[in-house]
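S.K.: Sharing run30.txt (compact mmCIF, C-alpha atoms) below.
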```txt
# COMPACT_ATOMS: atom_id res chain seq x y z
CA ILE A 1 57.95 123.57 52.51
CA THR A 2 56.17 123.40 55.87
CA THR A 3 52.71 122.25 56.90
CA GLY A 4 52.57 122.32 60.69
CA GLU A 5 54.33 119.15 61.78
CA GLY A 6 54.50 117.94 58.19
CA GLY A 7 56.42 119.32 55.21
CA ALA A 8 59.07 118.39 52.68
CA VAL A 9 62.77 118.93 52.05
CA LEU A 10 64.41 118.54 48.64
CA THR A 11 68.17 118.01 48.40
CA ASN A 12 70.77 116.26 46.27
CA ASN A 13 73.28 116.27 49.14
CA SER A 14 73.60 112.81 50.77
CA GLU A 15 74.85 114.25 54.07
CA ILE A 16 71.93 116.65 54.39
CA ASN A 17 69.54 113.92 53.32
CA GLU A 18 70.76 111.59 56.10
CA LYS A 19 70.49 114.33 58.76
CA VAL A 20 67.01 115.40 57.66
CA ARG A 21 65.78 111.80 57.69
CA ARG A 22 67.06 111.45 61.23
CA LEU A 23 65.39 114.70 62.32
CA ARG A 24 62.12 113.42 60.85
CA THR A 25 62.14 110.65 63.47
CA HIS A 26 63.42 112.91 66.27
CA GLY A 27 66.93 111.47 65.96
CA MET A 28 65.75 107.85 66.04
CA THR A 29 66.86 105.26 63.52
CA LYS A 30 65.17 101.92 62.95
CA ASP A 31 67.95 100.63 60.64
CA ILE A 32 71.02 99.59 62.60
CA ASN A 33 72.74 99.02 59.24
CA GLN A 34 72.97 102.81 58.90
CA LEU A 35 75.53 102.77 61.73
CA GLU A 36 78.92 101.19 62.21
CA LYS A 37 80.95 100.68 65.38
CA ASN A 38 84.69 101.34 65.48
CA ASP A 39 86.89 101.31 68.62
CA GLY A 40 83.81 101.48 70.83
CA LEU A 41 82.30 104.50 69.02
CA TRP A 42 79.20 104.57 66.81
CA TYR A 43 79.49 106.30 63.42
CA SER A 44 76.94 107.20 60.78
CA ASP A 45 77.67 104.98 57.80
CA SER A 46 76.70 107.63 55.27
CA THR A 47 78.66 110.58 56.72
CA ASP A 48 81.44 108.89 58.75
CA GLU A 49 80.61 111.29 61.58
CA LEU A 50 80.08 110.33 65.21
CA PHE A 51 76.41 109.45 65.55
CA THR A 52 74.05 111.39 67.80
CA GLY A 53 70.47 110.21 68.10
CA ARG A 54 68.20 107.51 69.41
CA ILE A 55 68.67 103.90 68.29
CA ALA A 56 65.68 101.58 68.27
CA ILE A 57 66.02 97.93 67.26
CA TYR A 58 62.97 95.96 66.12
CA SER A 59 62.27 92.32 65.30
CA LEU A 60 59.68 90.93 62.93
CA LYS A 61 56.42 89.78 64.42
CA THR A 62 55.10 86.35 63.56
CA LYS A 63 51.44 85.83 62.83
CA SER A 64 50.95 84.37 66.28
CA ILE A 65 52.54 87.44 67.88
CA TYR A 66 50.58 89.94 65.80
CA GLY A 67 47.31 89.45 67.64
CA THR A 68 49.01 90.12 70.96
CA TYR A 69 50.81 93.26 69.94
CA GLY A 70 48.50 94.58 67.22
CA ASN A 71 46.73 96.95 69.60
CA PHE A 72 49.94 98.89 70.12
CA ILE A 73 50.27 100.12 66.53
CA ARG A 74 50.76 103.89 66.49
CA LEU A 75 48.70 106.16 64.29
CA ASN A 76 51.79 108.14 63.14
CA ASP A 77 53.19 105.11 61.28
CA PRO A 78 52.41 105.79 57.60
CA ASP A 79 54.83 103.10 56.35
CA GLY A 80 53.17 100.43 58.47
CA PHE A 81 56.53 99.50 60.04
CA LEU A 82 55.18 98.98 63.54
CA LYS A 83 52.42 96.76 62.19
CA ASP A 84 54.97 94.07 61.34
CA HIS A 85 57.67 94.76 63.94
CA MET A 86 58.03 94.97 67.72
CA LYS A 87 60.64 96.96 69.59
CA VAL A 88 63.48 94.94 71.12
CA MET A 89 65.85 97.63 72.39
CA GLU A 90 66.36 101.41 72.44
CA CYS A 91 69.23 103.58 73.55
CA THR A 92 70.49 107.14 73.09
CA ILE A 93 73.87 107.77 71.44
CA ILE A 94 75.63 111.13 71.90
CA ASN A 95 78.81 111.80 69.93
CA GLY A 96 79.20 108.10 69.27
CA VAL A 97 78.83 107.01 72.91
CA LYS A 98 75.86 105.48 74.73
CA ASN A 99 74.25 108.03 77.05
CA GLY A 100 70.93 108.18 78.83
CA TYR A 101 68.42 105.46 79.60
CA PHE A 102 68.91 102.05 78.00
CA THR A 103 66.01 99.60 77.63
CA GLN A 104 65.93 96.05 76.35
CA TYR A 105 62.36 94.78 76.41
CA PHE A 106 61.56 91.36 77.85
CA ASN A 107 60.81 89.08 74.91
CA SER A 108 59.80 85.50 75.66
CA ARG A 109 59.68 84.50 71.98
CA ASP A 110 63.31 85.47 71.32
CA MET A 111 64.33 84.62 74.91
CA LEU A 112 65.66 88.11 75.61
CA PRO A 113 65.78 89.30 79.24
CA GLY A 114 64.47 92.72 80.18
CA ILE A 115 67.34 95.13 80.95
CA MET A 116 67.01 98.72 82.19
CA GLY A 117 69.63 101.19 83.31
CA LEU A 118 71.48 104.46 82.75
CA TYR A 119 74.57 105.04 80.63
CA VAL A 120 76.83 108.04 81.26
CA ASN A 121 79.55 108.45 78.64
CA GLY A 122 79.32 104.79 77.69
CA LYS A 123 79.51 103.46 81.25
CA ARG A 124 76.79 102.00 83.45
CA GLU A 125 75.75 104.30 86.28
CA GLY A 126 73.30 103.98 89.16
CA ASN A 127 70.93 101.06 89.61
CA TRP A 128 70.57 98.53 86.77
CA THR A 129 67.79 95.96 86.60
CA TRP A 130 67.50 92.58 84.84
CA LEU A 131 64.26 90.63 84.46
CA GLU A 132 64.43 87.00 83.33
CA PRO A 133 63.04 83.52 84.05
CA GLU A 134 64.39 81.73 87.10
CA HIS A 135 65.74 79.00 84.82
CA VAL A 136 67.17 80.91 81.86
CA LYS A 137 68.34 77.84 79.94
CA ASN A 138 64.93 76.17 80.17
CA ASN A 139 62.93 77.12 77.07
CA ARG A 140 59.63 76.34 78.78
CA SER A 141 60.33 78.78 81.63
CA TRP A 142 60.30 81.70 79.15
CA LYS A 143 56.61 80.99 78.53
CA ASP A 144 55.69 81.21 82.22
CA LEU A 145 55.32 84.97 82.45
CA GLY A 146 53.92 84.77 85.95
CA HIS A 147 57.28 83.93 87.52
CA CYS A 148 60.63 85.60 86.99
CA VAL A 149 63.79 86.73 88.76
CA ILE A 150 64.60 90.42 89.19
CA THR A 151 68.26 91.33 89.68
CA GLN A 152 69.27 94.84 90.77
CA ILE A 153 72.91 95.99 90.91
CA ASP A 154 74.39 99.40 91.70
CA TYR A 155 77.06 100.73 89.32
CA ARG A 156 79.57 103.56 89.55
CA LYS A 157 81.62 104.63 86.51
CA GLY A 158 80.93 101.33 84.77
CA LEU A 159 81.88 99.12 87.73
CA LYS A 160 79.61 97.17 90.07
CA ASP A 161 79.85 99.18 93.27
CA GLY A 162 77.20 99.10 95.95
CA SER A 163 74.34 96.82 96.88
CA SER A 164 72.92 93.94 94.88
CA LEU A 165 69.51 92.37 95.40
CA ILE A 166 68.03 89.33 93.64
CA HIS A 167 64.39 88.47 94.26
CA ARG A 168 61.43 86.73 92.69
CA GLY A 169 58.62 88.61 91.00
CA SER A 170 56.31 88.61 88.00
CA LEU A 171 55.87 90.77 84.92
CA HIS A 172 52.59 92.15 86.28
CA GLN A 173 54.20 92.86 89.64
CA TYR A 174 57.27 94.39 88.02
CA ALA A 175 55.30 97.09 86.23
CA HIS A 176 54.91 98.82 89.62
CA GLN A 177 57.94 97.41 91.38
CA HIS A 178 59.63 100.79 91.78
CA ASN A 179 56.64 102.05 93.80
CA PHE A 180 56.53 99.25 96.36
CA GLU A 181 58.96 97.33 98.53
CA HIS A 182 59.11 93.65 97.64
CA PRO A 183 58.08 91.04 100.24
CA LEU A 184 61.05 89.86 102.30
CA ASN A 185 60.27 86.22 101.58
CA ASP A 186 60.85 86.85 97.85
CA ILE A 187 64.57 87.45 98.33
CA ILE A 188 66.92 84.99 96.62
CA ALA A 189 70.27 86.63 97.43
CA LYS A 190 71.69 89.94 98.58
CA GLY A 191 75.15 91.41 99.09
CA PHE A 192 77.61 94.10 98.05
CA TYR A 193 80.15 94.88 95.35
CA GLN A 194 83.21 97.08 95.70
CA ASN A 195 85.21 98.12 92.63
CA ASP A 196 83.53 95.40 90.52
CA GLU A 197 84.31 92.65 93.06
CA MET A 198 82.07 90.80 95.50
CA SER A 199 82.80 92.07 98.99
CA GLY A 200 81.69 91.44 102.56
CA GLU A 201 78.70 89.36 103.53
CA TRP A 202 76.44 87.72 100.94
CA LEU A 203 73.30 85.88 102.03
CA PHE A 204 71.45 83.28 99.94
CA TYR A 205 67.88 82.13 100.56
CA ASP A 206 67.61 78.79 98.78
CA ASN A 207 64.13 77.29 98.69
CA ILE A 208 64.89 74.06 100.56
CA ILE A 209 61.90 74.09 102.94
CA SER A 210 60.34 70.63 102.99
CA ASP A 211 56.67 69.64 103.40
CA TYR A 212 57.55 68.55 106.92
CA ASP A 213 58.90 72.00 107.73
CA ASN A 214 55.74 73.62 106.40
CA ASP A 215 53.13 71.20 107.73
CA ILE A 216 54.44 69.51 110.85
CA GLU A 217 56.19 72.62 112.14
CA SER A 218 53.56 75.03 110.81
CA ASP A 219 53.48 77.07 114.02
CA TYR A 220 56.96 78.33 113.21
CA SER A 221 56.97 78.15 109.41
CA ASP A 222 56.67 81.92 109.03
CA ASP A 223 60.12 82.25 110.57
CA LEU A 224 61.56 80.24 107.67
CA LEU A 225 60.73 82.99 105.22
CA LEU A 226 63.63 85.05 106.57
CA HIS A 227 65.94 82.09 107.07
CA TRP A 228 69.14 82.37 105.03
CA THR A 229 70.58 79.04 103.95
CA ARG A 230 74.07 80.07 102.81
CA LYS A 231 76.33 82.83 104.07
CA LYS A 232 79.49 83.73 102.17
CA ILE A 233 82.13 86.27 103.19
CA TYR A 234 84.04 87.77 100.26
CA GLU A 235 87.27 89.71 100.04
CA ASN A 236 88.46 90.91 96.63
CA ASP A 237 86.01 88.54 94.91
CA GLU A 238 87.35 85.53 96.81
CA ILE A 239 85.43 83.52 99.43
CA ILE A 240 87.26 83.67 102.75
CA ASP A 241 84.53 82.08 104.87
CA ASN A 242 81.20 80.35 104.31
CA GLU A 243 78.43 78.78 106.33
CA CYS A 244 75.46 76.61 105.36
CA ARG A 245 72.38 75.57 107.27
CA GLU A 246 69.00 73.93 106.91
CA PRO A 247 65.71 75.06 108.53
CA TRP A 248 65.61 75.35 112.32
CA ASP A 249 69.27 76.35 112.40
CA ARG A 250 70.56 72.89 111.52
CA HIS A 251 74.13 73.67 110.45
CA LEU A 252 75.60 71.60 107.68
CA ASP A 253 79.02 71.29 106.07
CA CYS A 254 78.83 73.36 102.87
CA LYS A 255 80.15 70.57 100.65
CA THR A 256 77.44 68.28 102.00
CA TYR A 257 74.86 71.04 101.60
CA MET A 258 75.77 71.68 97.94
CA LYS A 259 75.65 67.96 97.18
CA LYS A 260 72.27 67.56 98.89
CA TYR A 261 70.65 70.67 97.38
CA SER A 262 72.56 71.07 94.10
CA ASN A 263 69.31 71.49 92.14
CA LYS A 264 67.97 74.18 94.50
CA THR A 265 70.94 76.52 94.90
CA TYR A 266 70.96 79.81 92.99
CA ILE A 267 74.05 80.73 90.96
CA ILE A 268 74.62 84.45 90.36
CA ALA A 269 74.82 85.25 86.64
CA ASP A 270 77.69 87.15 85.02
CA ARG A 271 76.52 90.71 84.26
CA ASP A 272 79.72 92.04 82.68
CA ASN A 273 78.32 91.97 79.12
```
What does the file become when written as structure tokens?
M.R.:
Amino acid sequence: ITTGEGGAVLTNNSEINEKVRRLRTHGMTKDINQLEKNDGLWYSDSTDELFTGRIAIYSLKTKSIYGTYGNFIRLNDPDGFLKDHMKVMECTIINGVKNGYFTQYFNSRDMLPGIMGLYVNGKREGNWTWLEPEHVKNNRSWKDLGHCVITQIDYRKGLKDGSSLIHRGSLHQYAHQHNFEHPLNDIIAKGFYQNDEMSGEWLFYDNIISDYDNDIESDYSDDLLLHWTRKKIYENDEIIDNECREPWDRHLDCKTYMKKYSNKTYIIADRDN
């Protein structure tokens, strides 16, 4: 029975019923319990076949969240599902393997970072991006949506391989980040990976500029924006040489530097999971 984009299907076959329900939502499922994962492959729980479709995971909205997200309710939501839920993640599965664009939406309430990138046959490919507070373990920092850290890493066949750039930004700024180059003074760290290992020169731009550097030496303070504070040389993920310095090229033993600025040095997060 068809009525334009509407219609009905009657069946007493559970396999056909599951496939038709998935087609109704263009291959998307909102119930992760309909799937099961075995040896890295996703299967349909009702048919035991490799799953192909779009997965979308939602979380319940609280009353305080509803007012913020209520304007995004879609008209084609007869069951009212989107009224009470907000999307957390979505990803395409083809023959049981993640393929296509993966998105995890930034969620300050549940303290979930924003993650975006491409899967090809279950492996990360191309440039992946993470968006999270500068102090991830600080609950209060998740509420400050005006400041965040954006991490970009190149992948090849599931391995980190290529450039990596970490810089400061904001959620408003990030919405158009792919259209504009970021200001150079927003850089936190930059370097390269080769075969999933840190390689070559890595530069860190710790924010250790004092009031004296900004005020007393104001004629030259603009130069500090491009002033790296730590330089590390890597070979096969091991540091073979490092150098540390303060503003105005004041070189400092790295052990002394780390002790003096331990609360201002940026530690690169593990992105293997």
S.K.: Just want the 6 Å neighbourhood of Lys231 in chain A, counted on all atoms listed in the file, with same-chain residues fewer than 4 positions away dropped. Output as a PyMOL selection string.
M.R.: chain A and resi 202-203+242-243
S.K.: Any idea what the distance is between CA of Arg250 in chain A and CA of Ile208 in chain A?
M.R.: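 Spanning CA of Arg250 in chain A to CA of Ile208 in chain A is a straight-line distance of 12.4 Å.
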S.K.: Provide an axis-aligned box for all listed atoms of range 95-101 of chain A, padding each side by 5 Å; report its centre and its edge lengths in Å to one decimal, as lines of an AutoDock Vina configuration file.
M.R.:
```
center_x = 73.8
center_y = 108.6
center_z = 74.4
size_x = 20.8
size_y = 16.3
size_z = 20.3
```
S.K.: Find the residues of range 96-133 of chain A that sit at most 10 Å from range 162-170 of chain A; for each, write down the nearest two atoms and how far apart they are in Å, to one decimal. Count all atoms listed in the file. Sort by chain, then by number going up, and give it as a Markdown table.
M.R.:
```
| residue | atom | partner | partner_atom | distance |
| --- | --- | --- | --- | --- |
| A:Gly126 | CA | A:Gly162 | CA | 9.2 |
| A:Asn127 | CA | A:Ser164 | CA | 9.1 |
| A:Trp128 | CA | A:Ser164 | CA | 9.6 |
| A:Thr129 | CA | A:Leu165 | CA | 9.7 |
| A:Trp130 | CA | A:Ile166 | CA | 9.4 |
| A:Leu131 | CA | A:Gly169 | CA | 8.9 |
| A:Glu132 | CA | A:Ser170 | CA | 9.5 |
| A:Pro133 | CA | A:Ser170 | CA | 9.3 |
```
S.K.: Find, counting only C-alpha atoms, the residue in A:Phe102, A:Tyr234, A:Tyr261, A:Trp42 that gets nearest to Glu246 in chain A.
M.R.: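 Result for the nearest residue to Glu246 in chain A: A:Tyr261.
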S.K.: Rounded to one decimal, what separation in Å do you get between CA of Thr92 in chain A and CA of Thr52 in chain A?
M.R.: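 Pair CA of Thr92 in chain A / CA of Thr52 in chain A returns 7.7 Å.
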S.K.: Of the candidates A:Ile188, A:Cys148, A:Val120, A:Ile239, which one gets nearest to Gly200 in chain A if we count all atoms listed in the file?
M.R.: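 Closest to Gly200 in chain A, using all atoms listed in the file: A:Ile239.
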S.K.: Tell me which protein, DNA and RNA residues are within 12 Å of Glu125 in chain A, counting all atoms listed in the file, leaving out same-chain ones fewer than 4 positions away, and put them as a list in words.
M.R.: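 Residues near the query, excluding close chain neighbours: Lys98, Asn99, Gly100, Tyr101, Phe102, Met116, Gly117, Leu118, Tyr119, Val120, Asn121, Thr129, Ile153, Asp154, Tyr155, Arg156, Lys157, Gly158, Leu159, Lys160, Asp161 and Gly162 of chain A.
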S.K.: I need the residue nearest Val97 in chain A from this list: A:Asn207, A:Thr11, A:Asn38, A:Asn236. Use all atoms listed in the file for the distance.
M.R.: A:Asn38
S.K.: Of the residues A:Ser59, A:Thr265, A:Ser108, A:Ser44, which is the one nearest to Val88 in chain A, using all atoms listed in the file?
M.R.: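 Among the listed residues, the smallest separation from Val88 in chain A belongs to A:Ser59.
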S.K.: Could you pull the residues within 6 Å of Thr103 in chain A, counting all atoms listed in the file, minus those fewer than 5 positions along the same chain, as number ranges by chain?
M.R.: A: 89-90, 115-116
S.K.: Can you find the residues with an atom no farther than 6 Å from (85.6, 92.5, 95.9), counting all atoms listed in the file, and report them as a ChimeraX atom specification?
M.R.: /A:193-194,197-199,235-237
S.K.: Restricting it to C-alpha atoms, dump the selection as an mmCIF file, in the frame of the given file.
M.R.:
```cif
data_model
loop_
_atom_site.group_PDB
_atom_site.id
_atom_site.type_symbol
_atom_site.label_atom_id
_atom_site.label_comp_id
_atom_site.auth_asym_id
_atom_site.auth_seq_id
_atom_site.Cartn_x
_atom_site.Cartn_y
_atom_site.Cartn_z
ATOM 1 C CA TYR A 193 80.150 94.880 95.350
ATOM 2 C CA GLN A 194 83.210 97.080 95.700
ATOM 3 C CA GLU A 197 84.310 92.650 93.060
ATOM 4 C CA MET A 198 82.070 90.800 95.500
ATOM 5 C CA SER A 199 82.800 92.070 98.990
ATOM 6 C CA GLU A 235 87.270 89.710 100.040
ATOM 7 C CA ASN A 236 88.460 90.910 96.630
ATOM 8 C CA ASP A 237 86.010 88.540 94.910
#
```
S.K.: Of the residues A:Ile16, A:Cys91, A:Ile268, A:Ala8, which is the one nearest to Thr151 in chain A, using only C-alpha atoms?
M.R.: A:Ile268
S.K.: Could you jot down the CA of Asp253 in chain A to CA of Ile267 in chain A separation for me, Å, one decimal place?
M.R.: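 Rounded to one decimal, the two atoms are 18.5 Å apart.
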S.K.: Find, counting all atoms listed in the file, the residue in A:Gly96, A:Tyr266, A:Asp206, A:Val9 that gets nearest to Cys244 in chain A.
M.R.: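 Among A:Gly96, A:Tyr266, A:Asp206, A:Val9, it is A:Asp206 that comes nearest to Cys244 in chain A.
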